[in-house]
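Enquirer: For reference, this is entry.cif, and it has mmCIF, C-alpha atoms.
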```
data_entry
loop_
_atom_site.group_PDB
_atom_site.id
_atom_site.type_symbol
_atom_site.label_atom_id
_atom_site.label_comp_id
_atom_site.auth_asym_id
_atom_site.auth_seq_id
_atom_site.Cartn_x
_atom_site.Cartn_y
_atom_site.Cartn_z
ATOM 1 C CA MET M 1345 -28.341 -0.397 -25.987
ATOM 2 C CA ALA M 1346 -27.868 -1.253 -22.308
ATOM 3 C CA LEU M 1347 -24.378 -0.830 -20.882
ATOM 4 C CA PRO M 1348 -22.692 -3.850 -19.223
ATOM 5 C CA THR M 1349 -22.871 -3.794 -15.422
ATOM 6 C CA CYS M 1350 -19.055 -3.934 -15.072
ATOM 7 C CA PHE M 1351 -18.706 -0.905 -17.367
ATOM 8 C CA ILE M 1352 -21.219 1.078 -15.325
ATOM 9 C CA ALA M 1353 -19.307 0.159 -12.150
ATOM 10 C CA LEU M 1354 -16.046 1.408 -13.656
ATOM 11 C CA LEU M 1355 -17.689 4.678 -14.719
ATOM 12 C CA PHE M 1356 -18.979 5.130 -11.167
ATOM 13 C CA ALA M 1357 -15.520 4.433 -9.715
ATOM 14 C CA PHE M 1358 -13.961 6.954 -12.088
ATOM 15 C CA ALA M 1359 -16.569 9.547 -11.136
ATOM 16 C CA LEU M 1360 -15.733 9.082 -7.455
ATOM 17 C CA PHE M 1361 -12.022 9.440 -8.207
ATOM 18 C CA SER M 1362 -12.581 12.591 -10.281
ATOM 19 C CA THR M 1363 -14.647 14.146 -7.473
ATOM 20 C CA ALA M 1364 -11.938 13.345 -4.926
ATOM 21 C CA VAL M 1365 -9.192 14.908 -7.048
ATOM 22 C CA LYS M 1366 -11.185 18.141 -7.440
ATOM 23 C CA ALA M 1367 -11.724 18.332 -3.672
ATOM 24 C CA LEU M 1368 -7.986 18.127 -2.873
ATOM 25 C CA SER M 1369 -5.336 20.787 -3.371
ATOM 26 C CA SER M 1370 -1.537 20.872 -3.315
ATOM 27 C CA ASP M 1371 -1.553 24.210 -1.451
ATOM 28 C CA TYR M 1372 -4.279 23.282 1.049
ATOM 29 C CA TYR M 1373 -2.182 24.107 4.140
ATOM 30 C CA ASP M 1374 -0.065 26.920 2.725
ATOM 31 C CA GLN M 1375 -1.873 29.539 4.798
ATOM 32 C CA THR M 1376 -3.168 27.512 7.749
ATOM 33 C CA CYS M 1377 -0.147 25.299 8.517
ATOM 34 C CA PRO M 1378 2.809 26.134 6.239
ATOM 35 C CA ASN M 1379 5.320 23.977 8.175
ATOM 36 C CA ALA M 1380 3.229 20.814 8.146
ATOM 37 C CA GLU M 1381 5.112 19.010 5.387
ATOM 38 C CA SER M 1382 8.600 19.844 6.671
ATOM 39 C CA THR M 1383 7.549 18.630 10.135
ATOM 40 C CA ILE M 1384 6.351 15.307 8.719
ATOM 41 C CA THR M 1385 9.525 14.837 6.692
ATOM 42 C CA LYS M 1386 11.717 15.441 9.732
ATOM 43 C CA VAL M 1387 9.837 12.941 11.894
ATOM 44 C CA VAL M 1388 9.873 10.252 9.182
ATOM 45 C CA LYS M 1389 13.592 10.779 8.589
ATOM 46 C CA ASN M 1390 14.385 10.428 12.293
ATOM 47 C CA ALA M 1391 12.237 7.309 12.586
ATOM 48 C CA MET M 1392 14.053 5.734 9.642
ATOM 49 C CA LEU M 1393 17.399 6.263 11.367
ATOM 50 C CA ASN M 1394 16.192 4.157 14.285
ATOM 51 C CA ASP M 1395 14.201 1.537 12.364
ATOM 52 C CA LYS M 1396 14.887 0.477 8.772
ATOM 53 C CA THR M 1397 11.432 -1.096 8.454
ATOM 54 C CA VAL M 1398 9.629 2.244 8.811
ATOM 55 C CA PRO M 1399 9.461 3.156 5.079
ATOM 56 C CA ALA M 1400 7.831 -0.119 4.063
ATOM 57 C CA ALA M 1401 5.452 0.128 7.029
ATOM 58 C CA LEU M 1402 4.299 3.669 6.190
ATOM 59 C CA LEU M 1403 3.812 2.882 2.502
ATOM 60 C CA ARG M 1404 1.803 -0.247 3.285
ATOM 61 C CA MET M 1405 -0.237 1.623 5.910
ATOM 62 C CA HIS M 1406 -1.275 4.221 3.320
ATOM 63 C CA PHE M 1407 -2.179 1.567 0.754
ATOM 64 C CA HIS M 1408 -4.275 -0.390 3.264
ATOM 65 C CA ASP M 1409 -5.990 2.796 4.401
ATOM 66 C CA CYS M 1410 -6.991 3.894 0.908
ATOM 67 C CA PHE M 1411 -8.298 0.501 -0.214
ATOM 68 C CA VAL M 1412 -10.825 0.345 2.639
ATOM 69 C CA ARG M 1413 -13.313 3.259 2.805
ATOM 70 C CA GLY M 1414 -10.927 5.481 0.844
ATOM 71 C CA CYS M 1415 -8.041 7.536 2.240
ATOM 72 C CA ASP M 1416 -9.617 8.613 5.526
ATOM 73 C CA ALA M 1417 -7.148 7.346 8.190
ATOM 74 C CA SER M 1418 -9.675 4.755 9.370
ATOM 75 C CA VAL M 1419 -6.768 2.284 9.491
ATOM 76 C CA LEU M 1420 -5.373 4.214 12.473
ATOM 77 C CA LEU M 1421 -8.417 3.906 14.729
ATOM 78 C CA ASN M 1422 -8.147 1.589 17.719
ATOM 79 C CA SER M 1423 -10.661 -1.169 18.390
ATOM 80 C CA THR M 1424 -13.176 -0.642 21.183
ATOM 81 C CA ARG M 1425 -15.230 -3.020 23.314
ATOM 82 C CA SER M 1426 -18.070 -2.776 20.827
ATOM 83 C CA ASN M 1427 -16.087 -2.643 17.574
ATOM 84 C CA LYS M 1428 -13.110 -4.471 16.077
ATOM 85 C CA ALA M 1429 -11.299 -1.908 13.921
ATOM 86 C CA GLU M 1430 -9.433 -2.262 10.612
ATOM 87 C CA LYS M 1431 -5.994 -2.429 12.211
ATOM 88 C CA ASP M 1432 -7.067 -5.686 13.906
ATOM 89 C CA GLY M 1433 -8.362 -7.289 10.709
ATOM 90 C CA PRO M 1434 -6.269 -10.289 9.505
ATOM 91 C CA PRO M 1435 -4.473 -8.484 6.635
ATOM 92 C CA ASN M 1436 -3.507 -5.620 8.964
ATOM 93 C CA ILE M 1437 -2.176 -7.516 11.981
ATOM 94 C CA SER M 1438 1.394 -6.982 10.752
ATOM 95 C CA LEU M 1439 0.969 -3.241 10.127
ATOM 96 C CA HIS M 1440 3.237 -1.200 12.362
ATOM 97 C CA ALA M 1441 4.983 2.176 12.794
ATOM 98 C CA PHE M 1442 1.745 3.802 13.955
ATOM 99 C CA TYR M 1443 3.901 5.621 16.502
ATOM 100 C CA VAL M 1444 5.432 7.659 13.663
ATOM 101 C CA ILE M 1445 2.001 9.080 12.825
ATOM 102 C CA ASP M 1446 1.391 9.741 16.529
ATOM 103 C CA VAL M 1447 4.625 11.729 16.853
ATOM 104 C CA VAL M 1448 3.846 13.728 13.715
ATOM 105 C CA LYS M 1449 0.315 14.475 14.884
ATOM 106 C CA LYS M 1450 1.477 15.712 18.279
ATOM 107 C CA GLN M 1451 4.057 18.053 16.754
ATOM 108 C CA ILE M 1452 1.623 19.399 14.167
ATOM 109 C CA GLU M 1453 -1.110 19.905 16.750
ATOM 110 C CA ASP M 1454 1.368 22.041 18.710
ATOM 111 C CA LEU M 1455 1.937 24.137 15.569
ATOM 112 C CA CYS M 1456 -1.565 24.268 14.112
ATOM 113 C CA PRO M 1457 -4.278 22.856 16.389
ATOM 114 C CA GLY M 1458 -7.164 21.116 14.650
ATOM 115 C CA VAL M 1459 -5.995 21.884 11.126
ATOM 116 C CA VAL M 1460 -4.107 18.957 9.549
ATOM 117 C CA SER M 1461 -5.981 15.673 9.158
ATOM 118 C CA CYS M 1462 -4.534 12.293 10.088
ATOM 119 C CA ALA M 1463 -5.397 11.109 6.562
ATOM 120 C CA ASP M 1464 -3.167 13.795 5.035
ATOM 121 C CA ILE M 1465 -0.380 12.910 7.477
ATOM 122 C CA VAL M 1466 -0.501 9.258 6.377
ATOM 123 C CA ALA M 1467 -0.389 10.245 2.686
ATOM 124 C CA LEU M 1468 2.512 12.656 3.186
ATOM 125 C CA ALA M 1469 4.442 10.240 5.412
ATOM 126 C CA ALA M 1470 4.164 7.531 2.741
ATOM 127 C CA ARG M 1471 5.515 9.947 0.112
ATOM 128 C CA ASP M 1472 8.442 10.881 2.369
ATOM 129 C CA ALA M 1473 9.150 7.222 3.158
ATOM 130 C CA VAL M 1474 9.567 6.490 -0.553
ATOM 131 C CA ALA M 1475 11.591 9.611 -1.339
ATOM 132 C CA LEU M 1476 13.920 9.167 1.647
ATOM 133 C CA SER M 1477 14.531 5.562 0.548
ATOM 134 C CA GLY M 1478 15.890 6.672 -2.821
ATOM 135 C CA GLY M 1479 12.597 6.667 -4.700
ATOM 136 C CA PRO M 1480 10.633 9.429 -6.422
ATOM 137 C CA SER M 1481 8.912 12.339 -4.738
ATOM 138 C CA TRP M 1482 5.645 13.933 -5.774
ATOM 139 C CA GLU M 1483 3.279 16.729 -4.841
ATOM 140 C CA VAL M 1484 0.650 15.218 -2.568
ATOM 141 C CA PRO M 1485 -2.841 16.686 -3.001
ATOM 142 C CA LYS M 1486 -4.180 17.582 0.445
ATOM 143 C CA GLY M 1487 -7.479 18.278 2.150
ATOM 144 C CA ARG M 1488 -8.608 14.773 3.136
ATOM 145 C CA LYS M 1489 -10.866 14.436 6.158
ATOM 146 C CA ASP M 1490 -10.689 11.749 8.827
ATOM 147 C CA GLY M 1491 -13.305 9.022 9.040
ATOM 148 C CA ARG M 1492 -15.170 7.888 12.140
ATOM 149 C CA ILE M 1493 -15.903 4.313 11.028
ATOM 150 C CA SER M 1494 -13.385 1.454 11.029
ATOM 151 C CA LYS M 1495 -14.446 -2.204 10.770
ATOM 152 C CA ALA M 1496 -12.091 -5.185 10.722
ATOM 153 C CA ILE M 1497 -14.437 -7.196 8.504
ATOM 154 C CA GLU M 1498 -13.988 -4.645 5.711
ATOM 155 C CA THR M 1499 -10.287 -5.513 5.386
ATOM 156 C CA ARG M 1500 -11.547 -8.397 3.249
ATOM 157 C CA GLN M 1501 -11.671 -5.788 0.490
ATOM 158 C CA LEU M 1502 -7.869 -5.604 0.364
ATOM 159 C CA PRO M 1503 -6.237 -7.416 -2.577
ATOM 160 C CA SER M 1504 -4.843 -10.783 -1.529
ATOM 161 C CA PRO M 1505 -1.297 -11.983 -2.341
ATOM 162 C CA THR M 1506 -2.968 -15.043 -3.877
ATOM 163 C CA PHE M 1507 -5.077 -13.061 -6.389
ATOM 164 C CA ASN M 1508 -4.844 -13.760 -10.107
ATOM 165 C CA ILE M 1509 -4.775 -10.996 -12.722
ATOM 166 C CA SER M 1510 -8.570 -10.941 -13.183
ATOM 167 C CA GLN M 1511 -9.158 -10.562 -9.455
ATOM 168 C CA LEU M 1512 -6.528 -7.821 -9.221
ATOM 169 C CA GLN M 1513 -8.000 -5.945 -12.173
ATOM 170 C CA GLN M 1514 -11.470 -6.058 -10.629
ATOM 171 C CA ASN M 1515 -10.208 -5.026 -7.184
ATOM 172 C CA PHE M 1516 -8.229 -2.059 -8.494
ATOM 173 C CA GLY M 1517 -10.894 -1.121 -11.034
ATOM 174 C CA GLN M 1518 -13.501 -0.785 -8.285
ATOM 175 C CA ARG M 1519 -11.340 2.011 -6.902
ATOM 176 C CA GLY M 1520 -10.847 3.807 -10.213
ATOM 177 C CA LEU M 1521 -7.372 2.342 -10.720
ATOM 178 C CA SER M 1522 -6.211 0.885 -14.046
ATOM 179 C CA LEU M 1523 -3.935 -1.987 -15.048
ATOM 180 C CA ASP M 1524 -1.180 0.605 -15.458
ATOM 181 C CA ASP M 1525 -1.723 1.669 -11.846
ATOM 182 C CA LEU M 1526 -1.739 -1.964 -10.722
ATOM 183 C CA VAL M 1527 1.699 -2.665 -12.213
ATOM 184 C CA ALA M 1528 3.212 0.621 -11.015
ATOM 185 C CA LEU M 1529 1.867 0.326 -7.459
ATOM 186 C CA SER M 1530 2.993 -3.302 -7.241
ATOM 187 C CA GLY M 1531 6.506 -1.879 -7.474
ATOM 188 C CA GLY M 1532 6.038 -0.745 -3.879
ATOM 189 C CA HIS M 1533 6.917 -4.345 -3.036
ATOM 190 C CA THR M 1534 10.521 -3.301 -3.514
ATOM 191 C CA LEU M 1535 10.445 -2.277 0.159
ATOM 192 C CA GLY M 1536 9.973 -4.554 3.091
ATOM 193 C CA PHE M 1537 9.452 -8.087 4.260
ATOM 194 C CA SER M 1538 6.765 -10.768 3.919
ATOM 195 C CA HIS M 1539 5.776 -13.475 6.366
ATOM 196 C CA CYS M 1540 5.627 -17.064 5.154
ATOM 197 C CA SER M 1541 1.818 -17.138 5.189
ATOM 198 C CA SER M 1542 1.647 -14.769 2.216
ATOM 199 C CA PHE M 1543 3.557 -17.063 -0.153
ATOM 200 C CA GLN M 1544 3.210 -20.484 1.486
ATOM 201 C CA ASN M 1545 0.773 -21.494 -1.266
ATOM 202 C CA ARG M 1546 3.565 -21.314 -3.865
ATOM 203 C CA ILE M 1547 6.143 -23.486 -2.122
ATOM 204 C CA HIS M 1548 4.085 -26.309 -0.574
ATOM 205 C CA ASN M 1549 1.232 -28.311 -2.151
ATOM 206 C CA PHE M 1550 0.871 -25.838 -5.008
ATOM 207 C CA ASP M 1551 -1.519 -28.030 -7.001
ATOM 208 C CA LYS M 1552 -2.255 -31.706 -7.743
ATOM 209 C CA ARG M 1553 0.707 -31.957 -10.141
ATOM 210 C CA HIS M 1554 3.270 -29.723 -8.444
ATOM 211 C CA ASN M 1555 4.424 -29.275 -4.887
ATOM 212 C CA VAL M 1556 6.061 -25.975 -5.900
ATOM 213 C CA ASP M 1557 4.755 -23.325 -8.285
ATOM 214 C CA PRO M 1558 6.596 -24.177 -11.537
ATOM 215 C CA THR M 1559 6.949 -20.483 -12.405
ATOM 216 C CA LEU M 1560 9.293 -20.044 -9.425
ATOM 217 C CA GLN M 1561 13.000 -20.280 -10.135
ATOM 218 C CA ALA M 1562 14.107 -23.599 -8.610
ATOM 219 C CA SER M 1563 16.924 -22.384 -6.350
ATOM 220 C CA PHE M 1564 14.801 -19.461 -5.155
ATOM 221 C CA ALA M 1565 11.933 -21.819 -4.306
ATOM 222 C CA ALA M 1566 14.339 -24.060 -2.377
ATOM 223 C CA SER M 1567 15.610 -21.101 -0.357
ATOM 224 C CA LEU M 1568 12.042 -20.117 0.528
ATOM 225 C CA GLN M 1569 11.231 -23.678 1.583
ATOM 226 C CA ASN M 1570 14.269 -23.641 3.833
ATOM 227 C CA VAL M 1571 13.059 -20.479 5.581
ATOM 228 C CA CYS M 1572 9.386 -21.492 5.527
ATOM 229 C CA PRO M 1573 9.020 -25.273 5.976
ATOM 230 C CA ALA M 1574 5.604 -26.870 5.451
ATOM 231 C CA HIS M 1575 4.811 -26.879 9.161
ATOM 232 C CA ASN M 1576 6.551 -23.647 10.051
ATOM 233 C CA LYS M 1577 6.290 -22.702 13.720
ATOM 234 C CA VAL M 1578 8.536 -19.635 13.682
ATOM 235 C CA ARG M 1579 6.154 -16.713 14.063
ATOM 236 C CA ASN M 1580 8.251 -14.080 12.295
ATOM 237 C CA ALA M 1581 9.738 -16.297 9.589
ATOM 238 C CA GLY M 1582 9.640 -14.932 6.061
ATOM 239 C CA ALA M 1583 11.628 -13.283 3.297
ATOM 240 C CA THR M 1584 12.528 -9.801 2.110
ATOM 241 C CA MET M 1585 10.614 -8.531 -0.896
ATOM 242 C CA ASP M 1586 13.794 -8.084 -2.931
ATOM 243 C CA PHE M 1587 17.564 -7.997 -2.405
ATOM 244 C CA THR M 1588 17.646 -4.213 -1.815
ATOM 245 C CA THR M 1589 14.941 -4.246 0.820
ATOM 246 C CA THR M 1590 15.597 -0.757 2.256
ATOM 247 C CA LEU M 1591 16.188 0.901 -1.117
ATOM 248 C CA PHE M 1592 13.303 1.988 -3.321
ATOM 249 C CA ASP M 1593 14.326 0.893 -6.808
ATOM 250 C CA ASN M 1594 13.199 -1.291 -9.725
ATOM 251 C CA ALA M 1595 14.769 -4.522 -8.414
ATOM 252 C CA TYR M 1596 11.275 -5.967 -7.813
ATOM 253 C CA TYR M 1597 10.559 -6.035 -11.556
ATOM 254 C CA LYS M 1598 13.933 -7.566 -12.395
ATOM 255 C CA LEU M 1599 13.328 -10.367 -9.910
ATOM 256 C CA LEU M 1600 9.787 -10.866 -11.196
ATOM 257 C CA MET M 1601 11.067 -11.302 -14.760
ATOM 258 C CA ASN M 1602 13.497 -13.978 -13.523
ATOM 259 C CA GLY M 1603 10.998 -16.062 -11.544
ATOM 260 C CA ASN M 1604 12.055 -14.691 -8.153
ATOM 261 C CA SER M 1605 8.872 -12.999 -6.957
ATOM 262 C CA LEU M 1606 7.210 -13.897 -3.667
ATOM 263 C CA PHE M 1607 3.471 -13.600 -4.247
ATOM 264 C CA SER M 1608 1.100 -15.292 -6.677
ATOM 265 C CA SER M 1609 -0.270 -11.806 -7.320
ATOM 266 C CA ASP M 1610 3.199 -10.671 -8.393
ATOM 267 C CA GLU M 1611 3.570 -13.589 -10.784
ATOM 268 C CA SER M 1612 0.100 -12.915 -12.198
ATOM 269 C CA LEU M 1613 1.406 -9.666 -13.700
ATOM 270 C CA LEU M 1614 3.219 -11.831 -16.236
ATOM 271 C CA THR M 1615 0.038 -13.640 -17.329
ATOM 272 C CA ASP M 1616 -1.461 -10.646 -19.161
ATOM 273 C CA SER M 1617 0.221 -9.196 -22.245
ATOM 274 C CA LYS M 1618 -0.247 -5.558 -21.206
ATOM 275 C CA THR M 1619 0.923 -5.935 -17.629
ATOM 276 C CA LYS M 1620 3.831 -8.131 -18.724
ATOM 277 C CA ARG M 1621 5.011 -5.397 -21.112
ATOM 278 C CA LEU M 1622 4.909 -2.870 -18.283
ATOM 279 C CA VAL M 1623 6.840 -5.182 -15.948
ATOM 280 C CA SER M 1624 9.518 -5.541 -18.632
ATOM 281 C CA LYS M 1625 9.550 -1.785 -19.207
ATOM 282 C CA TYR M 1626 10.058 -0.982 -15.529
ATOM 283 C CA ALA M 1627 12.680 -3.711 -15.140
ATOM 284 C CA THR M 1628 14.625 -1.977 -17.898
ATOM 285 C CA SER M 1629 14.023 1.652 -16.927
ATOM 286 C CA GLN M 1630 13.935 2.800 -13.315
ATOM 287 C CA ASP M 1631 13.113 6.339 -14.471
ATOM 288 C CA ASP M 1632 9.958 5.117 -16.214
ATOM 289 C CA PHE M 1633 8.968 3.188 -13.088
ATOM 290 C CA PHE M 1634 9.518 6.184 -10.822
ATOM 291 C CA LYS M 1635 7.364 8.439 -13.019
ATOM 292 C CA ALA M 1636 4.577 5.872 -13.212
ATOM 293 C CA PHE M 1637 4.708 5.114 -9.493
ATOM 294 C CA ALA M 1638 4.454 8.787 -8.533
ATOM 295 C CA ASN M 1639 1.471 9.330 -10.834
ATOM 296 C CA SER M 1640 -0.312 6.217 -9.574
ATOM 297 C CA MET M 1641 0.336 7.143 -5.942
ATOM 298 C CA ILE M 1642 -1.301 10.532 -6.517
ATOM 299 C CA LYS M 1643 -4.257 8.740 -8.064
ATOM 300 C CA MET M 1644 -4.507 6.118 -5.307
ATOM 301 C CA SER M 1645 -4.110 8.649 -2.503
ATOM 302 C CA SER M 1646 -7.026 10.601 -3.965
ATOM 303 C CA ILE M 1647 -9.527 7.750 -3.630
ATOM 304 C CA SER M 1648 -12.538 9.382 -2.020
ATOM 305 C CA GLY M 1649 -13.025 8.636 1.658
ATOM 306 C CA ASN M 1650 -15.985 9.182 3.982
ATOM 307 C CA GLY M 1651 -14.110 11.453 6.345
ATOM 308 C CA GLN M 1652 -15.874 14.480 7.782
ATOM 309 C CA GLU M 1653 -13.531 15.833 10.439
ATOM 310 C CA VAL M 1654 -9.951 16.474 11.561
ATOM 311 C CA ARG M 1655 -9.272 14.129 14.471
ATOM 312 C CA LEU M 1656 -7.218 15.612 17.293
ATOM 313 C CA ASP M 1657 -5.935 12.136 18.142
ATOM 314 C CA CYS M 1658 -5.426 9.820 15.170
ATOM 315 C CA ARG M 1659 -6.313 6.685 17.106
ATOM 316 C CA PHE M 1660 -9.615 7.769 18.644
ATOM 317 C CA VAL M 1661 -12.935 9.301 17.642
ATOM 318 C CA ARG M 1662 -14.114 11.896 20.139
#
```
What is this structure when it is put down as structure tokens?

Expert:
Amino acid sequence: MALPTCFIALLFAFALFSTAVKALSSDYYDQTCPNAESTITKVVKNAMLNDKTVPAALLRMHFHDCFVRGCDASVLLNSTRSNKAEKDGPPNISLHAFYVIDVVKKQIEDLCPGVVSCADIVALAARDAVALSGGPSWEVPKGRKDGRISKAIETRQLPSPTFNISQLQQNFGQRGLSLDDLVALSGGHTLGFSHCSSFQNRIHNFDKRHNVDPTLQASFAASLQNVCPAHNKVRNAGATMDFTTTLFDNAYYKLLMNGNSLFSSDESLLTDSKTKRLVSKYATSQDDFFKAFANSMIKMSSISGNGQEVRLDCRFVR
């Protein structure tokens, strides 16, 4: 009996993930650069003291890197005259804190020239950003290589904040990630800020019958409309992802259960029985969320990339 195409695709995605996990190691730099991780942690901690948006930026940077060409630091590469790179693709225009990676890379190159990849630095910096914000820590598998290709058009592969549950499941599944991973990783929305454009569809002209998404709590929707009017002209207008925006906790799930989520993709987690149960579980138990998030981050950060080198400068291919 022939296997369904979607099933074959999932098997292929899982095979890629399994290969990537085997290629990485938690002790990869123990002999060649033993102070790499402590150096990264120190730089991230110092950056956070000066800018409270750094943790959310580093976590989002890692996510956007891994979902396009795998975790190969292609998101760091600058555009050239002949190529528009990922960081200049529409979903990545608001990415920032690249300077943190630059500072880390310079310090590590002084310690261990040509050893530690930019891709590993991004993965470790994201872990530290979460842990230093009150969230879980985890052992990051290391040994990623840096990619040489970065194309803005490929950022279309990133999951959109307007996706429904079927679109999210397909998008994550193509990368070997399950519905469990989807719900756990969505909890990363506990950090940071969103511009109006990402949730405008829910608060103005939602559909033919409703101006506002009826799943939104009424007073919350009104507050969003106040910040983001229909013809908003304030470039940096938007809203924080939850009420503890610099603290990594389970507040995101509590808000989601009460109709106070920002994105359509967040709300879609309540439209499937399995994902809804997980949302409820994590809203009730922060410990369960932290364990699941750490496991899913290890899985996501092991998505196979096409990297073949260790770049000496994270922003350029030489």

Enquirer: Tell me which protein, DNA and RNA residues are within 6 Å of Gly1603 in chain M, counting only C-alpha atoms, leaving out same-chain ones fewer than 2 positions away, and put them as a VMD selection string.

Expert: chain M and resid 1560 to 1561 1600 to 1601 1605

Enquirer: Using all atoms listed in the file for the distances, tell me which of M:Ala1528, M:Val1460, M:Leu1420, M:Leu1476 is nearest to Asn1639 in chain M.

Expert: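 Residue with the minimum atom-to-atom distance to Asn1639 in chain M: M:Ala1528.
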
Enquirer: Pick out the closest residue to Pro1399 in chain M from this set: M:Ser1504, M:Thr1590, M:Ser1522, M:Gln1514. Count all atoms listed in the file.

Expert: M:Thr1590

Enquirer: Taking the file above as input, evaluate the PyMOL selection byres ((chain M and resi 1436) around 10) and report the hits as a list in words.

Expert: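 Those residues are Arg1404, Met1405, His1408, Asp1409, Val1419, Ala1429, Glu1430, Lys1431, Asp1432, Gly1433, Pro1434, Pro1435, Ile1437, Ser1438, Leu1439, His1440, Ala1496, Thr1499 and Leu1502 of chain M.
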
Enquirer: Quick one: everything within 10 Å of Lys1598 in chain M, counting only C-alpha atoms, minus sequence neighbours fewer than 3 positions away in the same chain. Send it as number ranges by chain.

Expert: M: 1586, 1594-1595, 1601-1605, 1623-1628

Enquirer: Quick one: everything within 9 Å of range 1632-1638 of chain M, counting only C-alpha atoms, minus sequence neighbours fewer than 3 positions away in the same chain. Send it as number ranges by chain.

Expert: M: 1471, 1479-1483, 1524-1525, 1527-1532, 1593-1594, 1622, 1625-1629, 1641-1643

Enquirer: Hey, which bits of range 1360-1468 of chain M sit within 8 Å of range 1536-1548 of chain M, and for each residue what's the closest pair of atoms and how far apart in Å (one decimal), counting all atoms listed in the file, rows by chain and increasing number, as CSV?

Expert:
```
residue,atom,partner,partner_atom,distance
M:Thr1397,CA,M:Gly1536,CA,6.5
M:Pro1399,CA,M:Gly1536,CA,8.0
M:Ala1400,CA,M:Gly1536,CA,5.0
M:Ala1401,CA,M:Gly1536,CA,7.6
```

Enquirer: Can you list, as JSON, numbers by chain, the residues that the PyMOL selection byres ((chain M and resi 1444-1451) around 12) selects here?

Expert: {"M": [1377, 1379, 1380, 1381, 1382, 1383, 1384, 1385, 1386, 1387, 1388, 1389, 1390, 1391, 1392, 1394, 1395, 1397, 1398, 1399, 1401, 1402, 1405, 1406, 1417, 1419, 1420, 1421, 1440, 1441, 1442, 1443, 1452, 1453, 1454, 1455, 1456, 1457, 1458, 1459, 1460, 1461, 1462, 1463, 1464, 1465, 1466, 1467, 1468, 1469, 1470, 1473, 1654, 1655, 1656, 1657, 1658, 1659, 1660]}

Enquirer: Would you work out the distance separating CA of Leu1521 in chain M from CA of Ile1647 in chain M, expressed in Å to one decimal?

Expert: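 Interatomic distance, CA of Leu1521 in chain M to CA of Ile1647 in chain M: 9.2 Å.
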
Enquirer: Measuring atom to atom with all atoms listed in the file, identify which of M:Thr1584, M:Asn1515, M:Thr1376, M:Thr1559 is nearest to Leu1614 in chain M.

Expert: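 Among M:Thr1584, M:Asn1515, M:Thr1376, M:Thr1559, it is M:Thr1559 that comes nearest to Leu1614 in chain M.
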
Enquirer: Between M:Asn1549, M:Gly1517, M:Ser1426, M:Lys1486, which one has atoms that come closest to Pro1573 in chain M, using only C-alpha atoms?

Expert: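 Using only C-alpha atoms, the shortest distance to Pro1573 in chain M belongs to M:Asn1549.
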